[in-house]
$ cat input-v2.pdb   # PDB, C-alpha atoms, pLDDT in the B column
MODEL        1
ATOM      1  CA  GLN A  26     -72.914  39.705  38.975  1.00 89.00           C
ATOM      2  CA  LEU A  27     -74.016  37.512  41.886  1.00 90.00           C
ATOM      3  CA  LEU A  28     -71.351  34.929  41.026  1.00 89.00           C
ATOM      4  CA  THR A  29     -68.603  37.565  40.707  1.00 88.00           C
ATOM      5  CA  HIS A  30     -69.531  39.650  43.779  1.00 88.00           C
ATOM      6  CA  THR A  31     -70.470  42.672  41.687  1.00 88.00           C
ATOM      7  CA  ALA A  32     -74.234  42.788  42.339  1.00 88.00           C
ATOM      8  CA  GLY A  33     -73.749  45.490  44.980  1.00 86.00           C
ATOM      9  CA  PHE A  34     -74.953  43.398  47.940  1.00 86.00           C
ATOM     10  CA  PRO A  35     -73.360  43.480  51.423  1.00 82.00           C
ATOM     11  CA  THR A  36     -71.092  40.747  52.780  1.00 81.00           C
ATOM     12  CA  ASP A  37     -73.557  38.854  54.945  1.00 77.00           C
ATOM     13  CA  PRO A  38     -77.250  38.008  54.513  1.00 73.00           C
ATOM     14  CA  ALA A  39     -79.802  40.188  56.220  1.00 69.00           C
ATOM     15  CA  CYS A  40     -80.518  37.331  58.632  1.00 71.00           C
ATOM     16  CA  GLY A  41     -76.928  37.378  59.889  1.00 64.00           C
ATOM     17  CA  ILE A  42     -74.730  34.295  59.512  1.00 58.00           C
ATOM     18  CA  LEU A  43     -72.957  34.694  62.834  1.00 51.00           C
ATOM     19  CA  THR A  44     -76.208  34.798  64.787  1.00 53.00           C
ATOM     20  CA  GLN A  45     -77.452  31.783  62.790  1.00 57.00           C
ATOM     21  CA  ASN A  46     -80.907  33.331  62.491  1.00 65.00           C
ATOM     22  CA  CYS A  47     -80.842  32.255  58.830  1.00 73.00           C
ATOM     23  CA  LYS A  48     -82.171  28.882  59.943  1.00 72.00           C
ATOM     24  CA  THR A  49     -85.636  30.371  60.334  1.00 70.00           C
ATOM     25  CA  THR A  50     -85.394  33.053  57.659  1.00 73.00           C
ATOM     26  CA  THR A  51     -88.036  32.852  54.934  1.00 74.00           C
ATOM     27  CA  ALA A  52     -87.799  33.798  51.269  1.00 72.00           C
ATOM     28  CA  GLU A  53     -90.441  36.472  51.886  1.00 77.00           C
ATOM     29  CA  GLN A  54     -88.261  38.104  54.558  1.00 76.00           C
ATOM     30  CA  ILE A  55     -85.282  38.203  52.200  1.00 75.00           C
ATOM     31  CA  GLU A  56     -87.399  39.647  49.381  1.00 75.00           C
ATOM     32  CA  ALA A  57     -88.624  42.343  51.756  1.00 77.00           C
ATOM     33  CA  ALA A  58     -85.047  43.140  52.814  1.00 73.00           C
ATOM     34  CA  VAL A  59     -83.943  43.474  49.177  1.00 73.00           C
ATOM     35  CA  ALA A  60     -86.943  45.682  48.401  1.00 74.00           C
ATOM     36  CA  ALA A  61     -86.027  47.884  51.366  1.00 71.00           C
ATOM     37  CA  GLY A  62     -82.701  48.713  49.723  1.00 67.00           C
ATOM     38  CA  ILE A  63     -80.036  46.190  50.775  1.00 72.00           C
ATOM     39  CA  PRO A  64     -77.599  46.894  47.876  1.00 73.00           C
ATOM     40  CA  LEU A  65     -74.576  48.983  48.843  1.00 77.00           C
ATOM     41  CA  TYR A  66     -73.621  49.887  45.278  1.00 82.00           C
ATOM     42  CA  PRO A  67     -75.345  50.026  41.907  1.00 84.00           C
ATOM     43  CA  PRO A  68     -75.041  46.589  40.242  1.00 86.00           C
ATOM     44  CA  GLY A  69     -71.717  46.255  38.446  1.00 84.00           C
ATOM     45  CA  ALA A  70     -70.234  49.416  39.950  1.00 83.00           C
ATOM     46  CA  ASN A  71     -67.905  47.798  42.477  1.00 83.00           C
ATOM     47  CA  ILE A  72     -66.569  44.541  43.883  1.00 84.00           C
ATOM     48  CA  GLN A  73     -68.057  43.655  47.270  1.00 84.00           C
ATOM     49  CA  TYR A  74     -67.510  40.123  48.549  1.00 85.00           C
ATOM     50  CA  SER A  75     -71.011  38.921  49.297  1.00 87.00           C
ATOM     51  CA  ASN A  76     -72.186  35.802  51.127  1.00 86.00           C
ATOM     52  CA  PHE A  77     -75.625  37.303  50.660  1.00 86.00           C
ATOM     53  CA  GLY A  78     -75.290  37.123  46.870  1.00 89.00           C
ATOM     54  CA  TYR A  79     -74.301  33.451  46.932  1.00 91.00           C
ATOM     55  CA  SER A  80     -77.080  32.611  49.388  1.00 89.00           C
ATOM     56  CA  LEU A  81     -79.537  34.346  47.093  1.00 88.00           C
ATOM     57  CA  ILE A  82     -78.481  32.660  43.860  1.00 92.00           C
ATOM     58  CA  GLY A  83     -78.306  29.226  45.480  1.00 92.00           C
ATOM     59  CA  GLN A  84     -81.794  29.500  46.937  1.00 90.00           C
ATOM     60  CA  LEU A  85     -83.201  30.961  43.712  1.00 90.00           C
ATOM     61  CA  LEU A  86     -81.795  28.014  41.741  1.00 92.00           C
ATOM     62  CA  ALA A  87     -83.259  25.521  44.208  1.00 93.00           C
ATOM     63  CA  GLU A  88     -86.642  27.271  44.118  1.00 90.00           C
ATOM     64  CA  HIS A  89     -86.607  27.280  40.320  1.00 93.00           C
ATOM     65  CA  LEU A  90     -85.989  23.524  40.274  1.00 94.00           C
ATOM     66  CA  GLY A  91     -88.540  22.866  42.990  1.00 95.00           C
ATOM     67  CA  VAL A  92     -86.173  21.249  45.513  1.00 94.00           C
ATOM     68  CA  GLY A  93     -84.360  22.239  48.686  1.00 92.00           C
ATOM     69  CA  TYR A  94     -80.843  23.618  48.206  1.00 94.00           C
ATOM     70  CA  GLU A  95     -79.232  20.893  50.308  1.00 93.00           C
ATOM     71  CA  ALA A  96     -81.029  18.143  48.365  1.00 94.00           C
ATOM     72  CA  LEU A  97     -79.989  19.776  45.091  1.00 95.00           C
ATOM     73  CA  VAL A  98     -76.295  19.794  46.044  1.00 96.00           C
ATOM     74  CA  ASN A  99     -76.472  16.208  47.299  1.00 94.00           C
ATOM     75  CA  ALA A 100     -78.018  15.015  44.048  1.00 94.00           C
ATOM     76  CA  THR A 101     -75.897  16.985  41.571  1.00 93.00           C
ATOM     77  CA  VAL A 102     -72.480  17.269  43.253  1.00 94.00           C
ATOM     78  CA  LEU A 103     -71.881  15.264  46.428  1.00 95.00           C
ATOM     79  CA  GLY A 104     -73.485  12.042  45.215  1.00 94.00           C
ATOM     80  CA  PRO A 105     -71.922  11.918  41.722  1.00 94.00           C
ATOM     81  CA  LEU A 106     -68.449  12.779  43.080  1.00 94.00           C
ATOM     82  CA  GLY A 107     -68.705  10.321  45.970  1.00 95.00           C
ATOM     83  CA  MET A 108     -68.274  13.034  48.599  1.00 94.00           C
ATOM     84  CA  GLY A 109     -69.621  11.020  51.525  1.00 91.00           C
ATOM     85  CA  ASP A 110     -67.752  13.078  54.141  1.00 89.00           C
ATOM     86  CA  SER A 111     -69.572  16.292  53.234  1.00 90.00           C
ATOM     87  CA  SER A 112     -72.770  17.551  54.831  1.00 89.00           C
ATOM     88  CA  PHE A 113     -74.729  20.689  55.669  1.00 88.00           C
ATOM     89  CA  ASP A 114     -75.349  19.136  59.095  1.00 84.00           C
ATOM     90  CA  PRO A 115     -72.142  19.278  61.230  1.00 76.00           C
ATOM     91  CA  SER A 116     -73.579  16.632  63.553  1.00 78.00           C
ATOM     92  CA  GLN A 117     -73.219  14.136  60.688  1.00 79.00           C
ATOM     93  CA  ILE A 118     -69.450  14.696  60.535  1.00 74.00           C
ATOM     94  CA  ASP A 119     -67.135  12.895  62.956  1.00 74.00           C
ATOM     95  CA  ALA A 120     -65.201  16.010  63.962  1.00 69.00           C
ATOM     96  CA  GLN A 121     -65.492  18.895  66.399  1.00 71.00           C
ATOM     97  CA  ALA A 122     -64.215  22.484  66.255  1.00 71.00           C
ATOM     98  CA  TYR A 123     -62.974  24.296  69.365  1.00 73.00           C
ATOM     99  CA  PHE A 124     -62.205  27.817  70.563  1.00 70.00           C
ATOM    100  CA  PRO A 125     -58.600  28.481  71.740  1.00 69.00           C
ATOM    101  CA  ASN A 126     -59.838  28.151  75.348  1.00 74.00           C
ATOM    102  CA  GLY A 127     -61.021  24.605  74.664  1.00 77.00           C
ATOM    103  CA  ALA A 128     -64.752  25.332  74.516  1.00 77.00           C
ATOM    104  CA  ALA A 129     -66.594  23.481  71.759  1.00 76.00           C
ATOM    105  CA  ILE A 130     -67.905  25.522  68.828  1.00 71.00           C
ATOM    106  CA  ASP A 131     -71.469  24.842  67.766  1.00 69.00           C
ATOM    107  CA  SER A 132     -71.305  25.594  64.050  1.00 66.00           C
ATOM    108  CA  GLY A 133     -75.017  24.920  63.747  1.00 68.00           C
ATOM    109  CA  ASP A 134     -77.088  25.149  60.599  1.00 74.00           C
ATOM    110  CA  TRP A 135     -76.844  28.214  58.339  1.00 79.00           C
ATOM    111  CA  GLY A 136     -80.323  27.574  56.998  1.00 83.00           C
ATOM    112  CA  TRP A 137     -81.169  30.016  54.196  1.00 85.00           C
ATOM    113  CA  ALA A 138     -77.477  31.028  53.982  1.00 85.00           C
ATOM    114  CA  ASN A 139     -76.189  27.476  53.379  1.00 88.00           C
ATOM    115  CA  PRO A 140     -75.172  28.269  49.760  1.00 90.00           C
ATOM    116  CA  ALA A 141     -72.653  30.801  51.134  1.00 87.00           C
ATOM    117  CA  GLY A 142     -70.605  28.114  52.875  1.00 82.00           C
ATOM    118  CA  GLY A 143     -72.735  26.121  55.281  1.00 83.00           C
ATOM    119  CA  MET A 144     -71.164  22.789  54.365  1.00 85.00           C
ATOM    120  CA  VAL A 145     -68.672  20.804  56.431  1.00 82.00           C
ATOM    121  CA  THR A 146     -66.300  18.591  54.460  1.00 83.00           C
ATOM    122  CA  SER A 147     -63.015  16.676  54.698  1.00 84.00           C
ATOM    123  CA  ALA A 148     -59.651  17.106  52.999  1.00 87.00           C
ATOM    124  CA  SER A 149     -60.230  13.984  50.901  1.00 92.00           C
ATOM    125  CA  ASP A 150     -63.643  15.196  49.732  1.00 91.00           C
ATOM    126  CA  LEU A 151     -62.261  18.648  48.985  1.00 89.00           C
ATOM    127  CA  ALA A 152     -59.594  16.993  46.825  1.00 92.00           C
ATOM    128  CA  LYS A 153     -62.366  15.461  44.683  1.00 93.00           C
ATOM    129  CA  ILE A 154     -63.611  18.957  43.811  1.00 89.00           C
ATOM    130  CA  VAL A 155     -60.058  20.095  42.985  1.00 89.00           C
ATOM    131  CA  LYS A 156     -59.574  17.040  40.778  1.00 90.00           C
ATOM    132  CA  LEU A 157     -62.712  18.002  38.854  1.00 89.00           C
ATOM    133  CA  LEU A 158     -61.493  21.605  38.453  1.00 87.00           C
ATOM    134  CA  LEU A 159     -58.206  20.408  36.977  1.00 87.00           C
ATOM    135  CA  ARG A 160     -60.039  18.592  34.169  1.00 87.00           C
ATOM    136  CA  PHE A 161     -60.733  21.962  32.527  1.00 82.00           C
ATOM    137  CA  ASP A 162     -59.412  20.829  29.133  1.00 81.00           C
ATOM    138  CA  ASP A 163     -61.383  17.564  29.015  1.00 83.00           C
ATOM    139  CA  ALA A 164     -64.304  17.420  26.616  1.00 77.00           C
ATOM    140  CA  GLU A 165     -66.531  16.123  29.439  1.00 81.00           C
ATOM    141  CA  PRO A 166     -64.983  17.055  32.819  1.00 83.00           C
ATOM    142  CA  GLY A 167     -67.933  15.688  34.788  1.00 85.00           C
ATOM    143  CA  LEU A 168     -71.150  16.794  36.519  1.00 87.00           C
ATOM    144  CA  GLY A 169     -72.570  17.776  33.145  1.00 86.00           C
ATOM    145  CA  LEU A 170     -70.048  20.620  32.787  1.00 86.00           C
ATOM    146  CA  ASP A 171     -68.162  21.459  29.618  1.00 85.00           C
ATOM    147  CA  SER A 172     -64.538  22.562  29.554  1.00 85.00           C
ATOM    148  CA  GLN A 173     -65.384  26.169  28.656  1.00 85.00           C
ATOM    149  CA  THR A 174     -67.659  26.568  31.671  1.00 84.00           C
ATOM    150  CA  LEU A 175     -65.096  24.991  33.973  1.00 85.00           C
ATOM    151  CA  TRP A 176     -62.310  27.236  32.686  1.00 85.00           C
ATOM    152  CA  GLN A 177     -64.339  30.300  33.689  1.00 85.00           C
ATOM    153  CA  MET A 178     -63.582  29.375  37.306  1.00 84.00           C
ATOM    154  CA  PHE A 179     -59.947  30.251  36.553  1.00 84.00           C
ATOM    155  CA  THR A 180     -60.683  33.273  34.375  1.00 85.00           C
ATOM    156  CA  THR A 181     -61.079  36.714  35.912  1.00 84.00           C
ATOM    157  CA  GLN A 182     -64.541  38.140  35.334  1.00 80.00           C
ATOM    158  CA  THR A 183     -64.154  41.407  37.238  1.00 76.00           C
ATOM    159  CA  ASP A 184     -62.208  44.624  37.050  1.00 68.00           C
ATOM    160  CA  ALA A 185     -64.656  46.942  38.784  1.00 46.00           C
ATOM    161  CA  ASN A 186     -61.929  48.746  40.725  1.00 50.00           C
ATOM    162  CA  GLY A 187     -59.528  49.040  37.838  1.00 44.00           C
ATOM    163  CA  PRO A 188     -56.483  46.783  37.315  1.00 42.00           C
ATOM    164  CA  ALA A 189     -55.769  44.703  40.420  1.00 44.00           C
ATOM    165  CA  GLU A 190     -53.661  41.698  41.372  1.00 47.00           C
ATOM    166  CA  LEU A 191     -56.634  40.016  43.029  1.00 63.00           C
ATOM    167  CA  ASP A 192     -59.892  39.604  41.149  1.00 84.00           C
ATOM    168  CA  PHE A 193     -62.866  37.232  40.965  1.00 86.00           C
ATOM    169  CA  SER A 194     -63.712  34.481  38.537  1.00 86.00           C
ATOM    170  CA  LEU A 195     -66.889  32.421  38.916  1.00 86.00           C
ATOM    171  CA  GLY A 196     -66.645  31.294  42.526  1.00 83.00           C
ATOM    172  CA  MET A 197     -62.894  31.741  43.024  1.00 87.00           C
ATOM    173  CA  GLU A 198     -60.493  34.552  43.879  1.00 87.00           C
ATOM    174  CA  VAL A 199     -57.915  34.938  41.124  1.00 87.00           C
ATOM    175  CA  GLU A 200     -54.396  36.207  41.694  1.00 84.00           C
ATOM    176  CA  PHE A 201     -51.781  36.747  39.008  1.00 81.00           C
ATOM    177  CA  ARG A 202     -48.272  35.691  40.060  1.00 81.00           C
ATOM    178  CA  PRO A 203     -45.042  35.313  38.077  1.00 84.00           C
ATOM    179  CA  GLU A 204     -45.464  31.525  38.148  1.00 82.00           C
ATOM    180  CA  GLY A 205     -48.992  31.741  36.776  1.00 83.00           C
ATOM    181  CA  VAL A 206     -52.643  32.142  37.711  1.00 84.00           C
ATOM    182  CA  VAL A 207     -53.646  31.128  41.249  1.00 87.00           C
ATOM    183  CA  ALA A 208     -57.337  30.475  41.941  1.00 87.00           C
ATOM    184  CA  SER A 209     -58.187  30.253  45.636  1.00 87.00           C
ATOM    185  CA  LYS A 210     -61.109  30.036  48.025  1.00 84.00           C
ATOM    186  CA  ILE A 211     -61.316  30.177  51.801  1.00 78.00           C
ATOM    187  CA  GLY A 212     -64.381  29.265  53.812  1.00 74.00           C
ATOM    188  CA  SER A 213     -65.339  28.736  57.424  1.00 67.00           C
ATOM    189  CA  GLN A 214     -68.345  27.657  59.437  1.00 57.00           C
ATOM    190  CA  GLY A 215     -66.794  29.215  62.508  1.00 52.00           C
ATOM    191  CA  PHE A 216     -66.533  32.825  63.584  1.00 51.00           C
ATOM    192  CA  PHE A 217     -64.815  35.554  61.573  1.00 49.00           C
ATOM    193  CA  PHE A 218     -62.658  38.384  62.882  1.00 48.00           C
ATOM    194  CA  PRO A 219     -61.762  40.238  59.663  1.00 47.00           C
ATOM    195  CA  THR A 220     -60.491  43.311  61.566  1.00 48.00           C
ATOM    196  CA  ALA A 221     -57.804  41.331  63.389  1.00 47.00           C
ATOM    197  CA  PRO A 222     -54.123  42.019  62.443  1.00 44.00           C
ATOM    198  CA  ALA A 223     -54.221  38.732  60.528  1.00 46.00           C
ATOM    199  CA  PHE A 224     -57.414  37.166  59.196  1.00 48.00           C
ATOM    200  CA  LEU A 225     -58.731  34.775  61.823  1.00 52.00           C
ATOM    201  CA  ALA A 226     -61.453  32.152  61.416  1.00 52.00           C
ATOM    202  CA  LEU A 227     -62.337  29.774  64.229  1.00 56.00           C
ATOM    203  CA  GLY A 228     -64.287  26.596  63.578  1.00 59.00           C
ATOM    204  CA  TRP A 229     -64.589  24.594  60.388  1.00 63.00           C
ATOM    205  CA  THR A 230     -62.141  26.228  58.016  1.00 71.00           C
ATOM    206  CA  ALA A 231     -60.982  25.218  54.542  1.00 74.00           C
ATOM    207  CA  TYR A 232     -58.572  26.821  52.102  1.00 80.00           C
ATOM    208  CA  VAL A 233     -58.077  25.685  48.516  1.00 86.00           C
ATOM    209  CA  SER A 234     -55.520  27.098  46.124  1.00 87.00           C
ATOM    210  CA  VAL A 235     -55.198  25.804  42.538  1.00 88.00           C
ATOM    211  CA  MET A 236     -52.564  26.643  39.915  1.00 87.00           C
ATOM    212  CA  PRO A 237     -53.937  25.250  36.636  1.00 85.00           C
ATOM    213  CA  ASN A 238     -50.819  25.896  34.557  1.00 82.00           C
ATOM    214  CA  LEU A 239     -48.721  23.723  36.938  1.00 81.00           C
ATOM    215  CA  ARG A 240     -51.093  20.799  36.670  1.00 75.00           C
TER     216      ARG A 240
ENDMDL
END

$ encode --input "input-v2.pdb" --output "structure tokens"
Amino acid sequence: QLLTHTAGFPTDPACGILTQNCKTTTAEQIEAAVAAGIPLYPPGANIQYSNFGYSLIGQLLAEHLGVGYEALVNATVLGPLGMGDSSFDPSQIDAQAYFPNGAAIDSGDWGWANPAGGMVTSASDLAKIVKLLLRFDDAEPGLGLDSQTLWQMFTTQTDANGPAELDFSLGMEVEFRPEGVVASKIGSQGFFFPTAPAFLALGWTAYVSVMPNLR
């Protein structure tokens, strides 16, 4: 449910991504927030896109393995795939984001919320992830994954609102078009204005769209 945005949690963590207070947020504070009644819906009752859910599952996995989340991702994904242009520290990347008025954007460190999208990457590094995804019919795609697990990233796992053109797989948004399945993901370390006439994200922004049947 956490991976498919059906756990009933709100969009952003209780610490607030845009205020970047997550950098000092502790696990105890998050546990207290959950105990106080953070969920918006009963688990499994609805689809609610949730950065909070991904932050939670990423930090729980890291805690279970006894390492920091950033170190875990470096060791299991970035290192093996050779993604040297990717980091949770924007200061380590030779690039700068700007507002339309020319002022520099300080993307900062998302801290506890890093699993929800606190990484800065490059187009070439992003392509390495896409290349891995497109090996869904290989016996050993890589990173210790099997083809069945990888294919779940293209397979819709949700239908909480009834039949819909847009649904969620494990980590991707799935859309059914005449030319085939389209699995997409957008992310930004900038600032979101979801109520604007068109979705607007300022800062570090990435959009990936994969059509497995046209591989």

$ atom_distance --input "input-v2.pdb" --atom1 "atom CA of A:Thr29" --atom2 "atom CA of A:Gly143"
19.0 Å

$ residues_near_point --input "input-v2.pdb" --point "(-70.4, 45.5, 38.3)" --cutoff "6 Å" --atoms "all atoms listed in the file" --output "count of residues only"
6

$ resolve_selection --input "input-v2.pdb" --expression "the PyMOL selection byres ((chain A and resi 160) around 10)" --output "PyMOL selection string"
chain A and resi 155-159+161-167+171-172+175-176+237+240

$ atom_distance --input "input-v2.pdb" --atom1 "atom CA of A:Gly205" --atom2 "atom CA of A:Thr181"
13.1 Å

$ closest_residue --input "input-v2.pdb" --among "A:Leu85, A:Ala57, A:Leu170, A:Ala231" --to "A:Gly212" --atoms "only C-alpha atoms"
A:Ala231

$ residues_around --input "input-v2.pdb" --residues "A:Tyr79" --least-positions-apart "5" --cutoff "12 Å" --atoms "all atoms listed in the file" --output "ChimeraX atom specification"
/A:26-32,34-38,73-74,84-86,94,137-143,195-196

$ atom_distance --input "input-v2.pdb" --atom1 "atom CA of A:Gly91" --atom2 "atom CA of A:Glu56"
18.0 Å

$ closest_residue --input "input-v2.pdb" --among "A:Ala52, A:Ala60, A:Ser234, A:Gly169" --to "A:Ala87" --atoms "only C-alpha atoms"
A:Ala52

$ closest_residue --input "input-v2.pdb" --among "A:Gln121, A:Gln173, A:Ser80, A:Asn238" --to "A:Ile55" --atoms "all atoms listed in the file"
A:Ser80

$ build_atoms --input "input-v2.pdb" --residues "stretch 138-148 of chain A" --atoms "all heavy atoms" --output "CSV table (one decimal), keeping the file's coordinate frame"
chain,number,residue,atom,x,y,z
A,138,ALA,N,-78.8,30.6,54.5
A,138,ALA,CA,-77.5,31.0,54.0
A,138,ALA,C,-76.6,29.9,53.7
A,138,ALA,O,-75.4,30.1,53.4
A,138,ALA,CB,-76.8,31.9,55.0
A,139,ASN,N,-77.0,28.6,53.7
A,139,ASN,CA,-76.2,27.5,53.4
A,139,ASN,C,-75.4,27.6,52.1
A,139,ASN,O,-74.3,27.2,52.0
A,139,ASN,CB,-77.0,26.2,53.4
A,139,ASN,CG,-77.0,25.5,54.7
A,139,ASN,OD1,-76.1,25.7,55.5
A,139,ASN,ND2,-78.0,24.7,55.0
A,140,PRO,N,-76.0,28.2,51.0
A,140,PRO,CA,-75.2,28.3,49.8
A,140,PRO,C,-73.9,29.1,49.9
A,140,PRO,O,-73.0,29.0,49.1
A,140,PRO,CB,-76.2,28.9,48.8
A,140,PRO,CG,-77.5,28.5,49.3
A,140,PRO,CD,-77.4,28.6,50.8
A,141,ALA,N,-73.8,29.9,50.9
A,141,ALA,CA,-72.7,30.8,51.1
A,141,ALA,C,-71.5,30.1,51.8
A,141,ALA,O,-70.4,30.7,52.0
A,141,ALA,CB,-73.0,32.0,51.9
A,142,GLY,N,-71.7,28.8,52.2
A,142,GLY,CA,-70.6,28.1,52.9
A,142,GLY,C,-71.0,27.3,54.1
A,142,GLY,O,-70.2,27.1,55.0
A,143,GLY,N,-72.3,26.8,54.1
A,143,GLY,CA,-72.7,26.1,55.3
A,143,GLY,C,-72.4,24.6,55.3
A,143,GLY,O,-72.9,23.9,56.1
A,144,MET,N,-71.5,24.2,54.4
A,144,MET,CA,-71.2,22.8,54.4
A,144,MET,C,-69.9,22.5,55.1
A,144,MET,O,-68.9,23.3,55.1
A,144,MET,CB,-71.0,22.4,52.9
A,144,MET,CG,-70.6,20.9,52.7
A,144,MET,SD,-70.2,20.5,51.0
A,144,MET,CE,-71.8,20.7,50.3
A,145,VAL,N,-69.9,21.3,55.8
A,145,VAL,CA,-68.7,20.8,56.4
A,145,VAL,C,-68.2,19.7,55.6
A,145,VAL,O,-69.0,18.8,55.1
A,145,VAL,CB,-69.0,20.3,57.9
A,145,VAL,CG1,-67.7,19.7,58.5
A,145,VAL,CG2,-69.5,21.4,58.7
A,146,THR,N,-66.9,19.6,55.3
A,146,THR,CA,-66.3,18.6,54.5
A,146,THR,C,-65.0,18.1,55.0
A,146,THR,O,-64.6,18.5,56.1
A,146,THR,CB,-66.1,19.1,53.0
A,146,THR,OG1,-65.8,18.1,52.1
A,146,THR,CG2,-65.0,20.2,53.0
A,147,SER,N,-64.3,17.2,54.3
A,147,SER,CA,-63.0,16.7,54.7
A,147,SER,C,-62.0,17.0,53.6
A,147,SER,O,-62.3,17.4,52.5
A,147,SER,CB,-63.1,15.2,54.9
A,147,SER,OG,-63.4,14.5,53.6
A,148,ALA,N,-60.7,16.8,54.0
A,148,ALA,CA,-59.7,17.1,53.0
A,148,ALA,C,-59.8,16.2,51.8
A,148,ALA,O,-59.6,16.6,50.6
A,148,ALA,CB,-58.3,16.9,53.7
